[in-house]
file coords_39.txt (compact mmCIF, C-alpha atoms)
# COMPACT_ATOMS: atom_id res chain seq x y z
CA MET A 1 34.09 25.45 1.67
CA ASN A 2 33.84 22.64 4.23
CA ARG A 3 31.70 24.81 6.55
CA GLN A 4 29.40 25.69 3.65
CA THR A 5 28.90 21.97 2.81
CA ILE A 6 27.99 21.15 6.42
CA ASP A 7 25.50 24.02 6.59
CA ARG A 8 23.87 22.96 3.34
CA ARG A 9 23.63 19.35 4.53
CA GLY A 10 22.24 20.45 7.86
CA PHE A 11 19.69 22.64 6.13
CA LEU A 12 18.61 19.80 3.81
CA ALA A 13 18.34 17.37 6.72
CA ARG A 14 16.18 19.83 8.72
CA ALA A 15 14.01 20.59 5.67
CA ALA A 16 13.47 16.87 5.04
CA ALA A 17 12.56 16.30 8.71
CA LEU A 18 10.11 19.21 8.63
CA GLY A 19 8.52 17.92 5.42
CA LEU A 20 8.18 14.43 6.84
CA THR A 21 6.66 15.75 10.07
CA THR A 22 4.15 17.85 8.14
CA ALA A 23 3.22 14.97 5.84
CA LEU A 24 2.71 12.57 8.75
CA GLY A 25 0.68 15.13 10.70
CA THR A 26 -1.76 15.75 7.87
CA THR A 27 -2.00 12.04 7.07
CA LEU A 28 -2.42 10.73 10.62
CA ALA A 29 -4.81 13.36 12.03
CA PRO A 30 -7.93 12.00 10.23
CA HIS A 31 -6.99 8.44 11.20
CA LEU A 32 -6.61 9.38 14.86
CA ALA A 33 -10.05 11.04 14.86
CA ARG A 34 -11.55 7.92 13.25
CA ALA A 35 -9.78 5.74 15.83
CA GLU A 36 -11.65 7.55 18.65
CA TRP A 37 -14.99 7.00 16.88
CA MET A 38 -14.19 3.33 16.32
CA LYS A 39 -13.16 2.85 19.95
CA ALA A 40 -16.54 4.18 21.12
CA ALA A 41 -18.38 1.93 18.66
CA PHE A 42 -16.39 -1.19 19.59
CA ASP A 43 -16.82 -0.45 23.32
CA GLY A 44 -20.65 -0.30 23.08
CA LYS A 45 -22.29 -2.63 25.61
CA SER A 46 -25.82 -2.49 24.18
CA LEU A 47 -27.34 -2.24 20.73
CA ALA A 48 -28.51 1.31 21.47
CA ASP A 49 -25.04 2.40 22.67
CA THR A 50 -23.33 0.87 19.66
CA TYR A 51 -25.80 2.40 17.20
CA LYS A 52 -25.37 5.80 18.88
CA ALA A 53 -21.57 5.61 18.66
CA MET A 54 -21.86 4.67 14.98
CA GLY A 55 -24.26 7.54 14.25
CA VAL A 56 -27.22 5.26 13.51
CA ALA A 57 -30.53 6.98 14.28
CA ASP A 58 -32.84 4.51 12.54
CA ALA A 59 -32.24 1.12 10.94
CA LYS A 60 -34.80 -0.83 8.94
CA GLU A 61 -34.95 -4.60 8.50
CA SER A 62 -34.29 -5.44 4.84
CA GLY A 63 -34.52 -8.59 2.75
CA ASP A 64 -31.67 -7.23 0.63
CA VAL A 65 -29.25 -7.82 3.54
CA GLN A 66 -28.30 -11.45 4.07
CA ILE A 67 -26.46 -13.34 6.78
CA LEU A 68 -24.95 -16.60 5.61
CA ALA A 69 -23.94 -18.66 8.65
CA SER A 70 -24.71 -21.98 10.27
CA ASP A 71 -27.62 -22.07 12.70
CA ILE A 72 -25.37 -23.85 15.21
CA ALA A 73 -21.74 -22.96 15.96
CA GLU A 74 -19.87 -25.87 17.51
CA ASN A 75 -17.14 -23.56 18.83
CA GLY A 76 -18.01 -19.97 19.81
CA ALA A 77 -14.35 -18.96 19.51
CA VAL A 78 -14.52 -19.30 15.71
CA VAL A 79 -17.88 -18.57 14.10
CA PRO A 80 -17.72 -18.00 10.33
CA ILE A 81 -20.11 -15.31 9.09
CA GLN A 82 -20.77 -14.01 5.59
CA ALA A 83 -22.69 -10.75 5.16
CA VAL A 84 -24.06 -9.77 1.77
CA SER A 85 -25.78 -6.54 0.76
CA LYS A 86 -27.78 -6.31 -2.44
CA ILE A 87 -28.51 -2.62 -1.78
CA ALA A 88 -26.98 -0.24 -4.31
CA GLY A 89 -24.59 2.32 -2.84
CA THR A 90 -23.49 0.18 0.12
CA THR A 91 -20.56 1.89 1.86
CA GLN A 92 -20.29 -0.07 5.12
CA ILE A 93 -21.10 -3.50 6.56
CA SER A 94 -20.94 -4.17 10.30
CA VAL A 95 -21.44 -7.38 12.28
CA LEU A 96 -22.85 -7.09 15.80
CA VAL A 97 -23.45 -9.84 18.39
CA GLU A 98 -26.17 -8.89 20.89
CA LYS A 99 -24.98 -10.94 23.89
CA ASN A 100 -21.23 -10.35 23.54
CA PRO A 101 -19.51 -8.09 26.08
CA ASN A 102 -18.67 -5.76 23.18
CA MET A 103 -21.39 -5.92 20.57
CA LEU A 104 -19.55 -4.66 17.49
CA ALA A 105 -17.56 -7.66 16.24
CA ALA A 106 -16.47 -6.38 12.80
CA LEU A 107 -16.79 -3.30 10.61
CA PHE A 108 -15.94 -3.11 6.91
CA ASP A 109 -15.78 0.02 4.77
CA ILE A 110 -16.90 -0.77 1.23
CA GLY A 111 -15.41 1.22 -1.63
CA PRO A 112 -17.35 2.16 -4.78
CA ASP A 113 -15.66 -0.56 -6.86
CA MET A 114 -16.06 -3.30 -4.24
CA VAL A 115 -18.69 -6.02 -4.08
CA PRO A 116 -20.60 -5.63 -0.76
CA ASP A 117 -19.97 -9.22 0.31
CA VAL A 118 -17.71 -9.87 3.31
CA THR A 119 -16.69 -13.00 5.17
CA THR A 120 -15.11 -13.06 8.61
CA ARG A 121 -14.86 -15.13 11.76
CA ILE A 122 -16.21 -13.78 15.01
CA LYS A 123 -16.28 -14.87 18.65
CA MET A 124 -19.55 -15.54 20.41
CA GLY A 125 -19.76 -16.12 24.15
CA GLN A 126 -23.20 -17.72 24.01
CA THR A 127 -26.24 -18.26 21.84
CA SER A 128 -27.23 -14.86 20.50
CA ASN A 129 -28.71 -12.84 17.70
CA VAL A 130 -26.18 -11.70 15.13
CA VAL A 131 -27.09 -8.41 13.45
CA VAL A 132 -25.63 -7.28 10.15
CA LEU A 133 -25.90 -3.51 9.77
CA VAL A 134 -25.49 -2.07 6.27
CA LYS A 135 -25.00 1.60 5.47
CA ALA A 136 -26.14 2.61 1.98
CA ASP A 137 -26.74 6.15 0.73
CA GLY A 138 -26.70 7.46 4.31
CA LYS A 139 -29.45 5.04 5.46
CA TYR A 140 -29.09 1.93 7.59
CA PHE A 141 -30.53 -1.52 6.96
CA THR A 142 -30.30 -4.70 9.04
CA ALA A 143 -30.73 -8.44 9.01
CA THR A 144 -30.81 -10.59 12.13
CA LYS A 145 -30.11 -14.28 12.66
CA GLU A 146 -29.93 -16.34 15.85
CA ILE A 147 -26.86 -18.54 16.08
CA LYS A 148 -26.72 -21.22 18.76
CA VAL A 149 -23.33 -21.76 20.39
CA THR A 150 -22.53 -25.17 21.89
CA LEU A 151 -19.05 -24.28 23.23
CA GLY A 152 -18.43 -20.70 24.45
CA GLY A 153 -15.80 -18.48 22.84
CA CYS A 154 -15.66 -15.24 24.85
CA GLY A 155 -14.15 -16.59 28.03
CA GLY A 156 -16.36 -19.71 28.08
call {"tool": "encode", "arguments": {"input": "coords_39.txt", "output": "C-alpha cells"}}
result
Amino acid sequence: MNRQTIDRRGFLARAAALGLTTALGTTLAPHLARAEWMKAAFDGKSLADTYKAMGVADAKESGDVQILASDIAENGAVVPIQAVSKIAGTTQISVLVEKNPNMLAALFDIGPDMVPDVTTRIKMGQTSNVVVLVKADGKYFTATKEIKVTLGGCGG
C-alpha cells in the first residue's frame, strides 16, 4: 500500500510538471517571437531601419494624429509626450526620436476598447524631430514635431 501511494504521488507530480511545461511553452513561444521583432525595432539607428523592422512600408502624414508636448524641453532626460490618434481602428502608437541613438522610444499596443491616447516620458539627447507613428486598419499615419532640448538626456 505504501509503495502504491508513492507511485501515485510520483505520477501526479510528473503529470503536473509536464502540464506546466506544456502550458508555459505554448504561452511563451509567441512572446519570445515578438521579443525578437521588438529588439530589431528598438535597435534601429535610422528612420528607415526602424520602419523596416516594424513592417512599415509607407506612412502618411495625418492631421488626425497629434503630438502634445512643449516646444522646449528643459531637461532631455525627462521629456513628457502625449500622442493622440483620432483615426478609427487604431491598434498601435509608437514614439520615435530622429536624433536619438535608438530611434524607437516607446511603442503601445491599443486594444479595441481602449482610447488611442497615450502619455509617456522619453529621453532626448539633443534637439530633434519627434515622430508619432500610428497603425490603424493595417495602414500607418504620422505626425512630426520638433522639440528643442536645452540640457541633454542621452549621455549629455
call {"tool": "residues_near_point", "arguments": {"input": "coords_39.txt", "point": "(-34.7, -13.5, 6.0)", "cutoff": "8 Å", "atoms": "only C-alpha atoms", "output": "count of residues only"}}
result
4
call {"tool": "closest_residue", "arguments": {"input": "coords_39.txt", "among": "A:Ala17, A:Met124, A:Val132, A:Val95", "to": "A:Asp64", "atoms": "all atoms listed in the file"}}
result
A:Val132
call {"tool": "closest_residue", "arguments": {"input": "coords_39.txt", "among": "A:Asn100, A:Gln126, A:Gln92, A:Ser70", "to": "A:Pro112", "atoms": "all atoms listed in the file"}}
result
A:Gln92
call {"tool": "residues_around", "arguments": {"input": "coords_39.txt", "residues": "A:Val56", "least_positions_apart": "4", "cutoff": "9 Å", "atoms": "all atoms listed in the file", "output": "MDAnalysis selection string"}}
result
chainID A and resid 48 50:52 139:140
call {"tool": "write_last_selection", "arguments": {"input": "coords_39.txt", "atoms": "C-alpha atoms", "output": "PDB file, in the coordinates of the input"}}
result
ATOM      1  CA  ALA A  48     -28.510   1.310  21.470  1.00  0.00           C
ATOM      2  CA  THR A  50     -23.330   0.870  19.660  1.00  0.00           C
ATOM      3  CA  TYR A  51     -25.800   2.400  17.200  1.00  0.00           C
ATOM      4  CA  LYS A  52     -25.370   5.800  18.880  1.00  0.00           C
ATOM      5  CA  LYS A 139     -29.450   5.040   5.460  1.00  0.00           C
ATOM      6  CA  TYR A 140     -29.090   1.930   7.590  1.00  0.00           C
TER       7      TYR A 140
END
call {"tool": "closest_residue", "arguments": {"input": "coords_39.txt", "among": "A:Ala57, A:Ile67, A:Leu151, A:Ala15", "to": "A:Val131", "atoms": "only C-alpha atoms"}}
result
A:Ile67
call {"tool": "atom_distance", "arguments": {"input": "coords_39.txt", "atom1": "atom CA of A:Ala41", "atom2": "atom CA of A:Gly55"}}
result
9.2 Å
call {"tool": "closest_residue", "arguments": {"input": "coords_39.txt", "among": "A:Met54, A:Ile122, A:Ala13, A:Val149", "to": "A:Val78", "atoms": "all atoms listed in the file"}}
result
A:Ile122
call {"tool": "atom_distance", "arguments": {"input": "coords_39.txt", "atom1": "atom CA of A:Thr150", "atom2": "atom CA of A:Asn102"}}
result
19.8 Å
call {"tool": "closest_residue", "arguments": {"input": "coords_39.txt", "among": "A:Ile110, A:Met38, A:Leu104, A:Ile87", "to": "A:Ser62", "atoms": "all atoms listed in the file"}}
result
A:Ile87
call {"tool": "residues_near_point", "arguments": {"input": "coords_39.txt", "point": "(-19.2, -0.4, -2.6)", "cutoff": "12 Å", "atoms": "all atoms listed in the file", "output": "list of chain:residue names"}}
result
A:Val84, A:Ser85, A:Lys86, A:Ile87, A:Ala88, A:Gly89, A:Thr90, A:Thr91, A:Gln92, A:Ile93, A:Phe108, A:Asp109, A:Ile110, A:Gly111, A:Pro112, A:Asp113, A:Met114, A:Val115, A:Pro116, A:Asp117, A:Val118, A:Val134, A:Lys135, A:Ala136, A:Asp137
call {"tool": "atom_distance", "arguments": {"input": "coords_39.txt", "atom1": "atom CA of A:Arg121", "atom2": "atom CA of A:Glu61"}}
result
22.9 Å
call {"tool": "closest_residue", "arguments": {"input": "coords_39.txt", "among": "A:Leu133, A:Leu47, A:Ile147, A:Val97", "to": "A:Asn75", "atoms": "only C-alpha atoms"}}
result
A:Ile147
call {"tool": "residues_around", "arguments": {"input": "coords_39.txt", "residues": "A:Lys99", "least_positions_apart": "3", "cutoff": "8 Å", "atoms": "all atoms listed in the file", "output": "number ranges by chain"}}
result
A: 103, 124-129
call {"tool": "decode", "arguments": {"input": "coords_39.txt", "residues": "stretch 3-137 of chain A", "atoms": "C-alpha atoms", "output": "PDB file, in the first residue's frame"}}
result
ATOM      1  CA  ARG A   3       4.579   1.714  -2.459  1.00  0.00           C
ATOM      2  CA  GLN A   4       1.331   2.299  -4.355  1.00  0.00           C
ATOM      3  CA  THR A   5       0.857   5.709  -2.660  1.00  0.00           C
ATOM      4  CA  ILE A   6       4.384   6.805  -3.575  1.00  0.00           C
ATOM      5  CA  ASP A   7       3.920   5.737  -7.199  1.00  0.00           C
ATOM      6  CA  ARG A   8       0.630   7.593  -7.451  1.00  0.00           C
ATOM      7  CA  ARG A   9       2.168  10.727  -5.927  1.00  0.00           C
ATOM      8  CA  GLY A  10       5.159  10.474  -8.221  1.00  0.00           C
ATOM      9  CA  PHE A  11       2.885  10.061 -11.218  1.00  0.00           C
ATOM     10  CA  LEU A  12       0.773  13.087 -10.217  1.00  0.00           C
ATOM     11  CA  ALA A  13       3.879  15.201  -9.646  1.00  0.00           C
ATOM     12  CA  ARG A  14       5.297  14.257 -13.073  1.00  0.00           C
ATOM     13  CA  ALA A  15       1.935  14.868 -14.770  1.00  0.00           C
ATOM     14  CA  ALA A  16       1.658  18.299 -13.142  1.00  0.00           C
ATOM     15  CA  ALA A  17       5.221  19.183 -14.204  1.00  0.00           C
ATOM     16  CA  LEU A  18       4.512  18.072 -17.775  1.00  0.00           C
ATOM     17  CA  GLY A  19       1.284  20.093 -17.878  1.00  0.00           C
ATOM     18  CA  LEU A  20       3.030  23.173 -16.538  1.00  0.00           C
ATOM     19  CA  THR A  21       5.874  22.812 -19.047  1.00  0.00           C
ATOM     20  CA  THR A  22       3.415  22.451 -21.925  1.00  0.00           C
ATOM     21  CA  ALA A  23       1.357  25.436 -20.781  1.00  0.00           C
ATOM     22  CA  LEU A  24       4.427  27.658 -20.415  1.00  0.00           C
ATOM     23  CA  GLY A  25       5.801  26.557 -23.785  1.00  0.00           C
ATOM     24  CA  THR A  26       2.631  27.433 -25.671  1.00  0.00           C
ATOM     25  CA  THR A  27       2.230  30.694 -23.763  1.00  0.00           C
ATOM     26  CA  LEU A  28       5.821  31.938 -24.010  1.00  0.00           C
ATOM     27  CA  ALA A  29       6.609  30.985 -27.627  1.00  0.00           C
ATOM     28  CA  PRO A  30       4.595  33.862 -29.200  1.00  0.00           C
ATOM     29  CA  HIS A  31       6.060  36.321 -26.685  1.00  0.00           C
ATOM     30  CA  LEU A  32       9.615  35.237 -27.487  1.00  0.00           C
ATOM     31  CA  ALA A  33       8.988  35.709 -31.221  1.00  0.00           C
ATOM     32  CA  ARG A  34       7.565  39.177 -30.543  1.00  0.00           C
ATOM     33  CA  ALA A  35      10.568  39.984 -28.349  1.00  0.00           C
ATOM     34  CA  GLU A  36      12.908  39.410 -31.325  1.00  0.00           C
ATOM     35  CA  TRP A  37      10.801  41.726 -33.514  1.00  0.00           C
ATOM     36  CA  MET A  38      10.760  44.391 -30.815  1.00  0.00           C
ATOM     37  CA  LYS A  39      14.523  44.149 -30.308  1.00  0.00           C
ATOM     38  CA  ALA A  40      15.102  44.834 -34.012  1.00  0.00           C
ATOM     39  CA  ALA A  41      12.685  47.782 -33.938  1.00  0.00           C
ATOM     40  CA  PHE A  42      14.199  49.297 -30.788  1.00  0.00           C
ATOM     41  CA  ASP A  43      17.745  48.817 -32.158  1.00  0.00           C
ATOM     42  CA  GLY A  44      17.005  50.775 -35.372  1.00  0.00           C
ATOM     43  CA  LYS A  45      19.543  53.558 -35.925  1.00  0.00           C
ATOM     44  CA  SER A  46      17.668  55.394 -38.693  1.00  0.00           C
ATOM     45  CA  LEU A  47      14.050  56.087 -39.507  1.00  0.00           C
ATOM     46  CA  ALA A  48      14.237  53.720 -42.499  1.00  0.00           C
ATOM     47  CA  ASP A  49      15.747  50.896 -40.386  1.00  0.00           C
ATOM     48  CA  THR A  50      13.165  51.325 -37.656  1.00  0.00           C
ATOM     49  CA  TYR A  51      10.257  51.439 -40.110  1.00  0.00           C
ATOM     50  CA  LYS A  52      11.590  48.310 -41.842  1.00  0.00           C
ATOM     51  CA  ALA A  53      11.877  46.414 -38.539  1.00  0.00           C
ATOM     52  CA  MET A  54       8.311  47.454 -37.673  1.00  0.00           C
ATOM     53  CA  GLY A  55       6.978  46.361 -41.062  1.00  0.00           C
ATOM     54  CA  VAL A  56       6.123  49.898 -42.197  1.00  0.00           C
ATOM     55  CA  ALA A  57       6.265  50.225 -45.983  1.00  0.00           C
ATOM     56  CA  ASP A  58       4.533  53.596 -46.307  1.00  0.00           C
ATOM     57  CA  ALA A  59       3.407  56.159 -43.737  1.00  0.00           C
ATOM     58  CA  LYS A  60       1.324  59.230 -44.495  1.00  0.00           C
ATOM     59  CA  GLU A  61       1.288  62.490 -42.550  1.00  0.00           C
ATOM     60  CA  SER A  62      -2.142  62.929 -40.946  1.00  0.00           C
ATOM     61  CA  GLY A  63      -3.876  65.756 -39.108  1.00  0.00           C
ATOM     62  CA  ASP A  64      -5.755  63.113 -37.113  1.00  0.00           C
ATOM     63  CA  VAL A  65      -2.519  62.228 -35.273  1.00  0.00           C
ATOM     64  CA  GLN A  66      -1.472  64.756 -32.644  1.00  0.00           C
ATOM     65  CA  ILE A  67       1.642  65.272 -30.564  1.00  0.00           C
ATOM     66  CA  LEU A  68       1.042  67.229 -27.384  1.00  0.00           C
ATOM     67  CA  ALA A  69       4.391  68.336 -25.958  1.00  0.00           C
ATOM     68  CA  SER A  70       6.255  71.500 -25.105  1.00  0.00           C
ATOM     69  CA  ASP A  71       8.298  73.098 -27.876  1.00  0.00           C
ATOM     70  CA  ILE A  72      11.255  73.311 -25.477  1.00  0.00           C
ATOM     71  CA  ALA A  73      12.350  70.578 -23.064  1.00  0.00           C
ATOM     72  CA  GLU A  74      14.442  71.969 -20.227  1.00  0.00           C
ATOM     73  CA  ASN A  75      15.832  68.517 -19.403  1.00  0.00           C
ATOM     74  CA  GLY A  76      16.295  65.950 -22.188  1.00  0.00           C
ATOM     75  CA  ALA A  77      16.345  63.127 -19.639  1.00  0.00           C
ATOM     76  CA  VAL A  78      12.619  63.593 -18.962  1.00  0.00           C
ATOM     77  CA  VAL A  79      10.528  64.844 -21.874  1.00  0.00           C
ATOM     78  CA  PRO A  80       6.766  64.369 -21.416  1.00  0.00           C
ATOM     79  CA  ILE A  81       4.941  63.433 -24.629  1.00  0.00           C
ATOM     80  CA  GLN A  82       1.266  62.786 -25.287  1.00  0.00           C
ATOM     81  CA  ALA A  83       0.238  61.097 -28.541  1.00  0.00           C
ATOM     82  CA  VAL A  84      -3.386  61.100 -29.634  1.00  0.00           C
ATOM     83  CA  SER A  85      -4.958  59.345 -32.604  1.00  0.00           C
ATOM     84  CA  LYS A  86      -8.389  60.309 -33.861  1.00  0.00           C
ATOM     85  CA  ILE A  87      -8.239  57.592 -36.530  1.00  0.00           C
ATOM     86  CA  ALA A  88     -10.802  54.819 -36.103  1.00  0.00           C
ATOM     87  CA  GLY A  89      -9.336  51.344 -35.720  1.00  0.00           C
ATOM     88  CA  THR A  90      -6.045  52.474 -34.159  1.00  0.00           C
ATOM     89  CA  THR A  91      -4.142  49.405 -32.933  1.00  0.00           C
ATOM     90  CA  GLN A  92      -0.678  50.824 -32.211  1.00  0.00           C
ATOM     91  CA  ILE A  93       1.011  54.109 -31.301  1.00  0.00           C
ATOM     92  CA  SER A  94       4.798  54.495 -31.437  1.00  0.00           C
ATOM     93  CA  VAL A  95       7.039  57.416 -30.470  1.00  0.00           C
ATOM     94  CA  LEU A  96      10.304  57.853 -32.386  1.00  0.00           C
ATOM     95  CA  VAL A  97      13.079  60.417 -31.853  1.00  0.00           C
ATOM     96  CA  GLU A  98      15.089  61.037 -35.036  1.00  0.00           C
ATOM     97  CA  LYS A  99      18.428  62.040 -33.462  1.00  0.00           C
ATOM     98  CA  ASN A 100      18.491  59.525 -30.600  1.00  0.00           C
ATOM     99  CA  PRO A 101      20.970  56.630 -30.796  1.00  0.00           C
ATOM    100  CA  ASN A 102      17.962  54.282 -30.849  1.00  0.00           C
ATOM    101  CA  MET A 103      15.058  55.953 -32.589  1.00  0.00           C
ATOM    102  CA  LEU A 104      12.116  53.980 -31.216  1.00  0.00           C
ATOM    103  CA  ALA A 105      11.463  55.447 -27.762  1.00  0.00           C
ATOM    104  CA  ALA A 106       8.072  53.865 -26.965  1.00  0.00           C
ATOM    105  CA  LEU A 107       5.535  51.510 -28.502  1.00  0.00           C
ATOM    106  CA  PHE A 108       1.975  50.980 -27.270  1.00  0.00           C
ATOM    107  CA  ASP A 109      -0.463  48.318 -28.453  1.00  0.00           C
ATOM    108  CA  ILE A 110      -4.010  49.675 -28.367  1.00  0.00           C
ATOM    109  CA  GLY A 111      -6.857  47.263 -27.708  1.00  0.00           C
ATOM    110  CA  PRO A 112     -10.315  47.601 -29.294  1.00  0.00           C
ATOM    111  CA  ASP A 113     -11.843  49.025 -26.101  1.00  0.00           C
ATOM    112  CA  MET A 114      -9.011  51.475 -25.413  1.00  0.00           C
ATOM    113  CA  VAL A 115      -8.886  55.183 -26.189  1.00  0.00           C
ATOM    114  CA  PRO A 116      -5.902  55.806 -28.529  1.00  0.00           C
ATOM    115  CA  ASP A 117      -4.368  58.452 -26.278  1.00  0.00           C
ATOM    116  CA  VAL A 118      -1.056  57.704 -24.558  1.00  0.00           C
ATOM    117  CA  THR A 119       1.255  59.734 -22.361  1.00  0.00           C
ATOM    118  CA  THR A 120       4.853  58.847 -21.583  1.00  0.00           C
ATOM    119  CA  ARG A 121       8.218  60.378 -20.806  1.00  0.00           C
ATOM    120  CA  ILE A 122      11.109  59.896 -23.186  1.00  0.00           C
ATOM    121  CA  LYS A 123      14.802  60.751 -23.271  1.00  0.00           C
ATOM    122  CA  MET A 124      16.194  63.046 -25.927  1.00  0.00           C
ATOM    123  CA  GLY A 125      19.924  63.562 -26.418  1.00  0.00           C
ATOM    124  CA  GLN A 126      19.525  66.766 -28.403  1.00  0.00           C
ATOM    125  CA  THR A 127      17.058  68.923 -30.274  1.00  0.00           C
ATOM    126  CA  SER A 128      15.239  66.631 -32.685  1.00  0.00           C
ATOM    127  CA  ASN A 129      12.062  65.804 -34.518  1.00  0.00           C
ATOM    128  CA  VAL A 130       9.722  63.537 -32.590  1.00  0.00           C
ATOM    129  CA  VAL A 131       7.590  61.316 -34.814  1.00  0.00           C
ATOM    130  CA  VAL A 132       4.394  59.649 -33.654  1.00  0.00           C
ATOM    131  CA  LEU A 133       3.573  56.641 -35.816  1.00  0.00           C
ATOM    132  CA  VAL A 134       0.012  55.294 -35.663  1.00  0.00           C
ATOM    133  CA  LYS A 135      -1.118  51.964 -37.069  1.00  0.00           C
ATOM    134  CA  ALA A 136      -4.817  51.823 -37.962  1.00  0.00           C
ATOM    135  CA  ASP A 137      -6.516  49.206 -40.134  1.00  0.00           C
TER     136      ASP A 137
END
